[in-house]
Amino acid sequence: MRDFTWGIAATGVIARTLGAAIVAEPGMRVGAVGSRNLRRAQALASALGAESAYGSYERLCADPAVDAIYVATPHTEHLRVAQAAIAAGKAVLCEKPLAATVDDAEKMVRLAREAGVFLMEAMWMRFNPLIRLIAADERFGDIRSVQASFGFAMPYDPAHRLWAPELGGGSLLDLGVYPFGLAQLLLGMPTGLRMTGSLAPSGVDAEAGGVLLYPGGRRAFVETSLLGNYPNQACVVGTRMRADIHAPFWAPERIVLTGPSMEPEEHVLDPADNGYAGELREVRAATAEGRTESPIMPLDESLAMSGLLADARRQLA
């Protein structure tokens with residue numbers, strides 16, 4: 001059986017990181033790299049052992065040797081690249097957030113569903129075994145509270161993608177998707193939210209924090225920032241058990257479960273079974289089984305998150 005072959009769209013840090021994860025995964029390889037800059041595509045292709053490099057995303061998606069496209073471009077380019085991949089019949093793993101706007105996300109999902117092509121947001125947190133353990137453990141009882149923060153001090157530079165509105169910048173889309181996403185996974189979608197924060201001179205959100213409201217008084221406290229260094233930890237509190245998720249909570253290597261009738265229970269991640277590997281395996285499995293969506297990261301939940309982040313951003317205006 002031949003290796004499952006990936007094409008990587010873009011050459012930035014996350015493209016290199018996931019490319020290395022593909023190379024390390026048995027039965028997978030990187031077959032091609034695409035970029036608007038051919039030299040960068042060639043350099044990354046050489047580093048990952050890929051045979052082909054392209055100076056356009058459209059040519060990458062048209063490569064007949066490629067089974068799936070990993071979209072690692074800036075958020076505002078996600079729709080364009082995914083559209084080309086879907087048109088070529090390639091499975092698509094799209095870096096989070098699924099798209100820069102709700103309209104783009106809805107169009108991506110509609111195109112994939114109409115074409116019967118697999119599409120999934122690359123929310124690697126959902127594929128981390130420790131996060132999955134928390135989500136499946138019934139010993140929590142009724143989860144009453146989720147608390148999570150993700151923030152670091154980023155010097156202001158209007159040309160940097162995190163500060164540039166034309167590149168989908170801001171703390172919510174890049175960082176906030178993780179604390180919001182943990183709450184979504186464990187509590188579902190909120191019935192309301194109350195946010196506060198501030199905007200950068202460029203107009204993107206520099207920081208945001210607040211509470212997501214759920215029926216029966218359940219809640220999630222979320223914070224995200226480009227202005228200061230936060231704990232980047234999370235805590236999940238249920239009626240019978242609590243989980244302390246050590247930093248970085250979106251890719252934890254260690255969690256501790258505690259409760260009134262139990263000894264502290266520590267769980268440590270096997271380094272070979274991280275979230276990157278899990279999402280790569282899910283794309284391969286779905287393709288082999290003819291599935292067009294993932295039950296672990298459903299498209300409807302990606303769409304709901306896109307709307308939730310947009311609602312949060314509007315409260316900061």
# chains A, B, ... in the order shown; residues from 1 in each chain; ligands from 1

call {"tool": "residues_around", "arguments": {"residues": "A:Ala45", "least_positions_apart": "4", "cutoff": "9 Å", "atoms": "only C-alpha atoms", "output": "ChimeraX atom specification"}}
result
/A:30-34,40-41,49-53

call {"tool": "write_last_selection", "arguments": {"atoms": "N, CA and C atoms", "output": "mmCIF file, in the first residue's frame"}}
result
data_model
loop_
_atom_site.group_PDB
_atom_site.id
_atom_site.type_symbol
_atom_site.label_atom_id
_atom_site.label_comp_id
_atom_site.auth_asym_id
_atom_site.auth_seq_id
_atom_site.Cartn_x
_atom_site.Cartn_y
_atom_site.Cartn_z
ATOM 1 N N VAL A 30 5.079 13.794 2.708
ATOM 2 C CA VAL A 30 4.774 15.047 2.026
ATOM 3 C C VAL A 30 5.216 14.895 0.581
ATOM 4 N N GLY A 31 4.264 15.055 -0.324
ATOM 5 C CA GLY A 31 4.590 14.900 -1.741
ATOM 6 C C GLY A 31 4.867 16.199 -2.446
ATOM 7 N N ALA A 32 4.297 17.310 -1.935
ATOM 8 C CA ALA A 32 4.446 18.589 -2.617
ATOM 9 C C ALA A 32 4.220 19.736 -1.646
ATOM 10 N N VAL A 33 4.819 20.875 -1.966
ATOM 11 C CA VAL A 33 4.650 22.105 -1.199
ATOM 12 C C VAL A 33 4.311 23.218 -2.180
ATOM 13 N N GLY A 34 3.360 24.054 -1.801
ATOM 14 C CA GLY A 34 2.997 25.187 -2.642
ATOM 15 C C GLY A 34 3.092 26.491 -1.882
ATOM 16 N N ARG A 40 10.698 29.561 -1.621
ATOM 17 C CA ARG A 40 10.338 29.072 -0.293
ATOM 18 C C ARG A 40 9.695 27.693 -0.379
ATOM 19 N N ALA A 41 8.871 27.494 -1.387
ATOM 20 C CA ALA A 41 8.256 26.182 -1.574
ATOM 21 C C ALA A 41 9.328 25.128 -1.834
ATOM 22 N N GLY A 49 11.585 16.286 2.130
ATOM 23 C CA GLY A 49 11.715 15.156 1.217
ATOM 24 C C GLY A 49 10.615 15.057 0.196
ATOM 25 N N ALA A 50 9.971 16.177 -0.118
ATOM 26 C CA ALA A 50 8.886 16.190 -1.115
ATOM 27 C C ALA A 50 9.455 16.308 -2.518
ATOM 28 N N GLU A 51 8.812 15.621 -3.457
ATOM 29 C CA GLU A 51 9.312 15.624 -4.828
ATOM 30 C C GLU A 51 9.008 16.910 -5.580
ATOM 31 N N SER A 52 7.903 17.584 -5.231
ATOM 32 C CA SER A 52 7.433 18.701 -6.041
ATOM 33 C C SER A 52 7.274 19.972 -5.228
ATOM 34 N N ALA A 53 7.498 21.094 -5.891
ATOM 35 C CA ALA A 53 7.277 22.412 -5.302
ATOM 36 C C ALA A 53 6.626 23.287 -6.360
#

call {"tool": "closest_atom_pairs", "arguments": {"of": "stretch 265-317 of chain A", "to": "stretch 109-116 of chain A", "cutoff": "12 Å", "atoms": "only C-alpha atoms", "output": "CSV"}}
result
residue,atom,partner,partner_atom,distance
A:Thr287,CA,A:Gly116,CA,11.1
A:Gly290,CA,A:Gly116,CA,9.2
A:Arg291,CA,A:Gly116,CA,8.6
A:Thr292,CA,A:Gly116,CA,6.1
A:Glu293,CA,A:Arg113,CA,8.8
A:Pro298,CA,A:Val109,CA,10.6
A:Leu299,CA,A:Val109,CA,7.0
A:Asp300,CA,A:Val109,CA,8.6
A:Glu301,CA,A:Val109,CA,11.2
A:Ser302,CA,A:Val109,CA,9.3
A:Leu303,CA,A:Val109,CA,8.3
A:Ala304,CA,A:Val109,CA,11.9
A:Ser306,CA,A:Val109,CA,11.9

call {"tool": "select_by_dssp", "arguments": {"residues": "stretch 70-308 of chain A", "states": "strand (DSSP E)", "output": "ChimeraX atom specification"}}
result
/A:70-71,91-95,119-122,143-151,192-199,205-213,219-225,234-238,242-245,254-259,262-268

call {"tool": "residues_around", "arguments": {"residues": "A:Val177", "least_positions_apart": "4", "cutoff": "12 Å", "atoms": "only C-alpha atoms", "output": "ChimeraX atom specification"}}
result
/A:95-100,121-126,148-151,170-173,181-185,208,222-225,250,302,304-310,312-313

call {"tool": "residues_around", "arguments": {"residues": "A:Asp3", "least_positions_apart": "2", "cutoff": "9 Å", "atoms": "only C-alpha atoms", "output": "ChimeraX atom specification"}}
result
/A:1,5,26-29

call {"tool": "write_last_selection", "arguments": {"atoms": "N, CA, C and O atoms", "output": "JSON list (two decimals), in the first residue's frame"}}
result
[["chain", "number", "residue", "atom", "x", "y", "z"],
["A", 1, "MET", "N", 0.85, -1.20, 0.00],
["A", 1, "MET", "CA", 0.00, 0.00, 0.00],
["A", 1, "MET", "C", 0.88, 1.25, 0.00],
["A", 1, "MET", "O", 1.84, 1.34, 0.77],
["A", 5, "THR", "N", -0.37, 10.67, 0.88],
["A", 5, "THR", "CA", 0.48, 11.77, 0.42],
["A", 5, "THR", "C", -0.18, 13.13, 0.63],
["A", 5, "THR", "O", -1.30, 13.36, 0.19],
["A", 26, "PRO", "N", 4.14, 7.03, 10.46],
["A", 26, "PRO", "CA", 4.26, 5.87, 9.57],
["A", 26, "PRO", "C", 3.15, 5.87, 8.51],
["A", 26, "PRO", "O", 1.98, 6.15, 8.81],
["A", 27, "GLY", "N", 3.53, 5.57, 7.28],
["A", 27, "GLY", "CA", 2.55, 5.47, 6.21],
["A", 27, "GLY", "C", 2.13, 6.79, 5.61],
["A", 27, "GLY", "O", 1.16, 6.83, 4.83],
["A", 28, "MET", "N", 2.83, 7.87, 5.96],
["A", 28, "MET", "CA", 2.51, 9.18, 5.40],
["A", 28, "MET", "C", 3.78, 9.84, 4.86],
["A", 28, "MET", "O", 4.88, 9.55, 5.30],
["A", 29, "ARG", "N", 3.57, 10.75, 3.92],
["A", 29, "ARG", "CA", 4.69, 11.52, 3.40],
["A", 29, "ARG", "C", 4.17, 12.84, 2.85],
["A", 29, "ARG", "O", 2.98, 12.99, 2.57]]

call {"tool": "closest_residue", "arguments": {"among": "A:Glu265, A:Glu253, A:Asp205, A:Asp142", "to": "A:Ala164", "atoms": "only C-alpha atoms"}}
result
A:Asp205

call {"tool": "select_by_dssp", "arguments": {"residues": "stretch 142-246 of chain A", "states": "alpha helix (DSSP H)", "output": "tab-separated table (two decimals) with all heavy atoms, in the first residue's frame"}}
result
chain	number	residue	atom	x	y	z
A	171	SER	N	-6.26	38.87	18.54
A	171	SER	CA	-6.06	37.80	19.51
A	171	SER	C	-7.15	36.74	19.45
A	171	SER	O	-6.89	35.55	19.69
A	171	SER	CB	-5.99	38.37	20.93
A	171	SER	OG	-7.22	38.97	21.31
A	177	VAL	N	-9.46	31.23	19.95
A	177	VAL	CA	-10.16	30.04	19.47
A	177	VAL	C	-9.89	28.84	20.38
A	177	VAL	O	-10.73	27.93	20.48
A	177	VAL	CB	-9.74	29.73	18.01
A	177	VAL	CG1	-8.28	29.31	17.93
A	177	VAL	CG2	-10.64	28.68	17.38
A	178	TYR	N	-8.78	28.85	21.13
A	178	TYR	CA	-8.47	27.72	22.01
A	178	TYR	C	-9.27	27.76	23.32
A	178	TYR	O	-9.92	26.76	23.65
A	178	TYR	CB	-6.97	27.65	22.28
A	178	TYR	CG	-6.17	27.14	21.12
A	178	TYR	CD1	-5.26	27.96	20.47
A	178	TYR	CD2	-6.34	25.85	20.64
A	178	TYR	CE1	-4.52	27.50	19.39
A	178	TYR	CE2	-5.61	25.38	19.56
A	178	TYR	CZ	-4.70	26.21	18.94
A	178	TYR	OH	-3.98	25.75	17.87
A	179	PRO	N	-9.25	28.85	24.11
A	179	PRO	CA	-10.11	28.84	25.29
A	179	PRO	C	-11.59	28.76	24.95
A	179	PRO	O	-12.35	28.04	25.62
A	179	PRO	CB	-9.76	30.16	26.00
A	179	PRO	CG	-8.99	30.97	25.03
A	179	PRO	CD	-8.36	30.02	24.09
A	180	PHE	N	-12.02	29.45	23.90
A	180	PHE	CA	-13.41	29.32	23.45
A	180	PHE	C	-13.68	27.88	23.02
A	180	PHE	O	-14.75	27.33	23.28
A	180	PHE	CB	-13.69	30.27	22.29
A	180	PHE	CG	-13.99	31.68	22.69
A	180	PHE	CD1	-12.99	32.54	23.12
A	180	PHE	CD2	-15.29	32.18	22.61
A	180	PHE	CE1	-13.27	33.85	23.47
A	180	PHE	CE2	-15.58	33.49	22.96
A	180	PHE	CZ	-14.56	34.33	23.39
A	181	GLY	N	-12.71	27.28	22.35
A	181	GLY	CA	-12.89	25.93	21.84
A	181	GLY	C	-12.96	24.89	22.94
A	181	GLY	O	-13.70	23.91	22.83
A	182	LEU	N	-12.21	25.08	24.02
A	182	LEU	CA	-12.29	24.15	25.15
A	182	LEU	C	-13.67	24.22	25.78
A	182	LEU	O	-14.27	23.19	26.12
A	182	LEU	CB	-11.21	24.47	26.18
A	182	LEU	CG	-11.13	23.51	27.37
A	182	LEU	CD1	-10.70	22.12	26.91
A	182	LEU	CD2	-10.17	24.04	28.44
A	183	ALA	N	-14.18	25.44	25.94
A	183	ALA	CA	-15.53	25.60	26.48
A	183	ALA	C	-16.57	24.95	25.57
A	183	ALA	O	-17.49	24.27	26.04
A	183	ALA	CB	-15.84	27.08	26.67
A	184	GLN	N	-16.41	25.12	24.26
A	184	GLN	CA	-17.35	24.52	23.31
A	184	GLN	C	-17.33	23.00	23.42
A	184	GLN	O	-18.38	22.35	23.40
A	184	GLN	CB	-17.01	24.96	21.89
A	184	GLN	CG	-17.94	24.39	20.82
A	184	GLN	CD	-17.41	24.61	19.42
A	184	GLN	OE1	-16.21	24.51	19.17
A	184	GLN	NE2	-18.31	24.91	18.49
A	185	LEU	N	-16.15	22.43	23.53
A	185	LEU	CA	-16.02	20.98	23.60
A	185	LEU	C	-16.70	20.42	24.84
A	185	LEU	O	-17.38	19.39	24.77
A	185	LEU	CB	-14.53	20.59	23.59
A	185	LEU	CG	-14.21	19.11	23.80
A	185	LEU	CD1	-14.76	18.27	22.65
A	185	LEU	CD2	-12.71	18.91	23.93
A	186	LEU	N	-16.53	21.09	25.98
A	186	LEU	CA	-16.99	20.53	27.26
A	186	LEU	C	-18.39	20.99	27.66
A	186	LEU	O	-19.08	20.27	28.39
A	186	LEU	CB	-16.00	20.89	28.35
A	186	LEU	CG	-14.58	20.36	28.15
A	186	LEU	CD1	-13.66	20.87	29.24
A	186	LEU	CD2	-14.56	18.84	28.10
A	187	LEU	N	-18.79	22.17	27.19
A	187	LEU	CA	-20.09	22.70	27.60
A	187	LEU	C	-21.05	22.94	26.44
A	187	LEU	O	-22.23	23.20	26.66
A	187	LEU	CB	-19.90	24.03	28.36
A	187	LEU	CG	-19.19	23.95	29.72
A	187	LEU	CD1	-18.95	25.36	30.26
A	187	LEU	CD2	-20.02	23.13	30.70

call {"tool": "closest_atom_pairs", "arguments": {"of": "stretch 64-111 of chain A", "to": "stretch 13-19 of chain A", "cutoff": "9 Å", "atoms": "only C-alpha atoms", "output": "CSV"}}
result
residue,atom,partner,partner_atom,distance
A:Tyr70,CA,A:Ala15,CA,8.1
A:Val71,CA,A:Ala15,CA,8.2
A:Ala72,CA,A:Ala15,CA,5.6
A:Thr73,CA,A:Ala15,CA,8.3
A:Glu95,CA,A:Ile14,CA,8.8

call {"tool": "closest_atom_pairs", "arguments": {"of": "stretch 73-170 of chain A", "to": "stretch 212-218 of chain A", "cutoff": "8 Å", "atoms": "only C-alpha atoms", "output": "JSON lines"}}
result
{"residue": "A:Ile143", "atom": "CA", "partner": "A:Arg218", "partner_atom": "CA", "distance": 7.6}
{"residue": "A:Arg144", "atom": "CA", "partner": "A:Arg218", "partner_atom": "CA", "distance": 4.7}
{"residue": "A:Ser145", "atom": "CA", "partner": "A:Arg218", "partner_atom": "CA", "distance": 5.9}

call {"tool": "residues_around", "arguments": {"residues": "A:Ser35", "least_positions_apart": "2", "cutoff": "6 Å", "atoms": "only C-alpha atoms", "output": "number ranges by chain"}}
result
A: 10, 37, 41, 55-56

call {"tool": "write_last_selection", "arguments": {"atoms": "N, CA, C and O atoms", "output": "short mmCIF file (atom, residue, chain, number, x, y, z; two decimals), in the first residue's frame"}}
result
data_model
loop_
_atom_site.label_atom_id
_atom_site.label_comp_id
_atom_site.auth_asym_id
_atom_site.auth_seq_id
_atom_site.Cartn_x
_atom_site.Cartn_y
_atom_site.Cartn_z
N ALA A 10 1.63 26.74 1.88
CA ALA A 10 2.33 27.76 2.65
C ALA A 10 3.60 27.18 3.27
O ALA A 10 3.79 25.94 3.30
N ASN A 37 5.66 32.05 -3.21
CA ASN A 37 7.10 32.23 -3.44
C ASN A 37 7.70 30.86 -3.74
O ASN A 37 7.83 30.01 -2.86
N ALA A 41 8.87 27.49 -1.39
CA ALA A 41 8.26 26.18 -1.57
C ALA A 41 9.33 25.13 -1.83
O ALA A 41 9.27 24.01 -1.30
N GLY A 55 4.83 27.28 -7.34
CA GLY A 55 4.75 28.70 -7.04
C GLY A 55 3.33 29.21 -6.99
O GLY A 55 3.12 30.43 -7.01
N SER A 56 2.37 28.29 -6.91
CA SER A 56 0.97 28.70 -6.76
C SER A 56 0.22 27.61 -6.01
O SER A 56 0.54 26.42 -6.11
#

call {"tool": "residues_around", "arguments": {"residues": "A:Pro264", "least_positions_apart": "4", "cutoff": "12 Å", "atoms": "only C-alpha atoms", "output": "list of chain:residue names"}}
result
A:Met241, A:Arg242, A:Ala243, A:Asp244, A:Ile255, A:Val256, A:Leu257, A:Thr258, A:Gly259, A:Pro260

call {"tool": "write_last_selection", "arguments": {"atoms": "N, CA and C atoms", "output": "PDB file, in the first residue's frame"}}
result
ATOM      1  N   MET A 241     -15.516  16.138  40.328  1.00  0.00           N
ATOM      2  CA  MET A 241     -14.083  16.064  40.039  1.00  0.00           C
ATOM      3  C   MET A 241     -13.645  17.338  39.329  1.00  0.00           C
ATOM      4  N   ARG A 242     -12.355  17.635  39.472  1.00  0.00           N
ATOM      5  CA  ARG A 242     -11.756  18.800  38.821  1.00  0.00           C
ATOM      6  C   ARG A 242     -10.538  18.353  38.016  1.00  0.00           C
ATOM      7  N   ALA A 243     -10.311  19.034  36.890  1.00  0.00           N
ATOM      8  CA  ALA A 243      -9.102  18.801  36.102  1.00  0.00           C
ATOM      9  C   ALA A 243      -8.297  20.080  36.036  1.00  0.00           C
ATOM     10  N   ASP A 244      -7.023  19.994  36.392  1.00  0.00           N
ATOM     11  CA  ASP A 244      -6.089  21.096  36.190  1.00  0.00           C
ATOM     12  C   ASP A 244      -5.235  20.748  34.977  1.00  0.00           C
ATOM     13  N   ILE A 255      -1.916  16.506  32.939  1.00  0.00           N
ATOM     14  CA  ILE A 255      -3.121  16.970  33.622  1.00  0.00           C
ATOM     15  C   ILE A 255      -3.204  16.262  34.970  1.00  0.00           C
ATOM     16  N   VAL A 256      -3.898  16.901  35.921  1.00  0.00           N
ATOM     17  CA  VAL A 256      -4.107  16.299  37.234  1.00  0.00           C
ATOM     18  C   VAL A 256      -5.592  16.346  37.546  1.00  0.00           C
ATOM     19  N   LEU A 257      -6.151  15.179  37.876  1.00  0.00           N
ATOM     20  CA  LEU A 257      -7.552  15.065  38.255  1.00  0.00           C
ATOM     21  C   LEU A 257      -7.638  14.919  39.771  1.00  0.00           C
ATOM     22  N   THR A 258      -8.522  15.695  40.394  1.00  0.00           N
ATOM     23  CA  THR A 258      -8.690  15.624  41.845  1.00  0.00           C
ATOM     24  C   THR A 258     -10.167  15.647  42.195  1.00  0.00           C
ATOM     25  N   GLY A 259     -10.483  15.091  43.355  1.00  0.00           N
ATOM     26  CA  GLY A 259     -11.852  15.071  43.838  1.00  0.00           C
ATOM     27  C   GLY A 259     -11.886  14.737  45.310  1.00  0.00           C
ATOM     28  N   PRO A 260     -13.008  14.983  45.981  1.00  0.00           N
ATOM     29  CA  PRO A 260     -13.083  14.773  47.433  1.00  0.00           C
ATOM     30  C   PRO A 260     -12.924  13.322  47.852  1.00  0.00           C
TER      31      PRO A 260
END

call {"tool": "atom_distance", "arguments": {"atom1": "atom CA of A:Gln83", "atom2": "atom CA of A:Gln42"}}
result
23.2 Å

call {"tool": "closest_residue", "arguments": {"among": "A:Ile22, A:Gly203, A:Ala85, A:Ala43", "to": "A:Arg284", "atoms": "only C-alpha atoms"}}
result
A:Ile22

call {"tool": "atom_distance", "arguments": {"atom1": "atom CA of A:Tyr57", "atom2": "atom CA of A:Met120"}}
result
18.3 Å

call {"tool": "closest_residue", "arguments": {"among": "A:Ser261, A:Asn274, A:Gln147, A:Ser198", "to": "A:Val237", "atoms": "only C-alpha atoms"}}
result
A:Gln147

call {"tool": "closest_residue", "arguments": {"among": "A:Gly188, A:Val117, A:Glu138, A:Arg80", "to": "A:Ala105", "atoms": "only C-alpha atoms"}}
result
A:Arg80

call {"tool": "closest_residue", "arguments": {"among": "A:Lys107, A:Ala24, A:His267, A:Ile296", "to": "A:Ile245", "atoms": "only C-alpha atoms"}}
result
A:His267
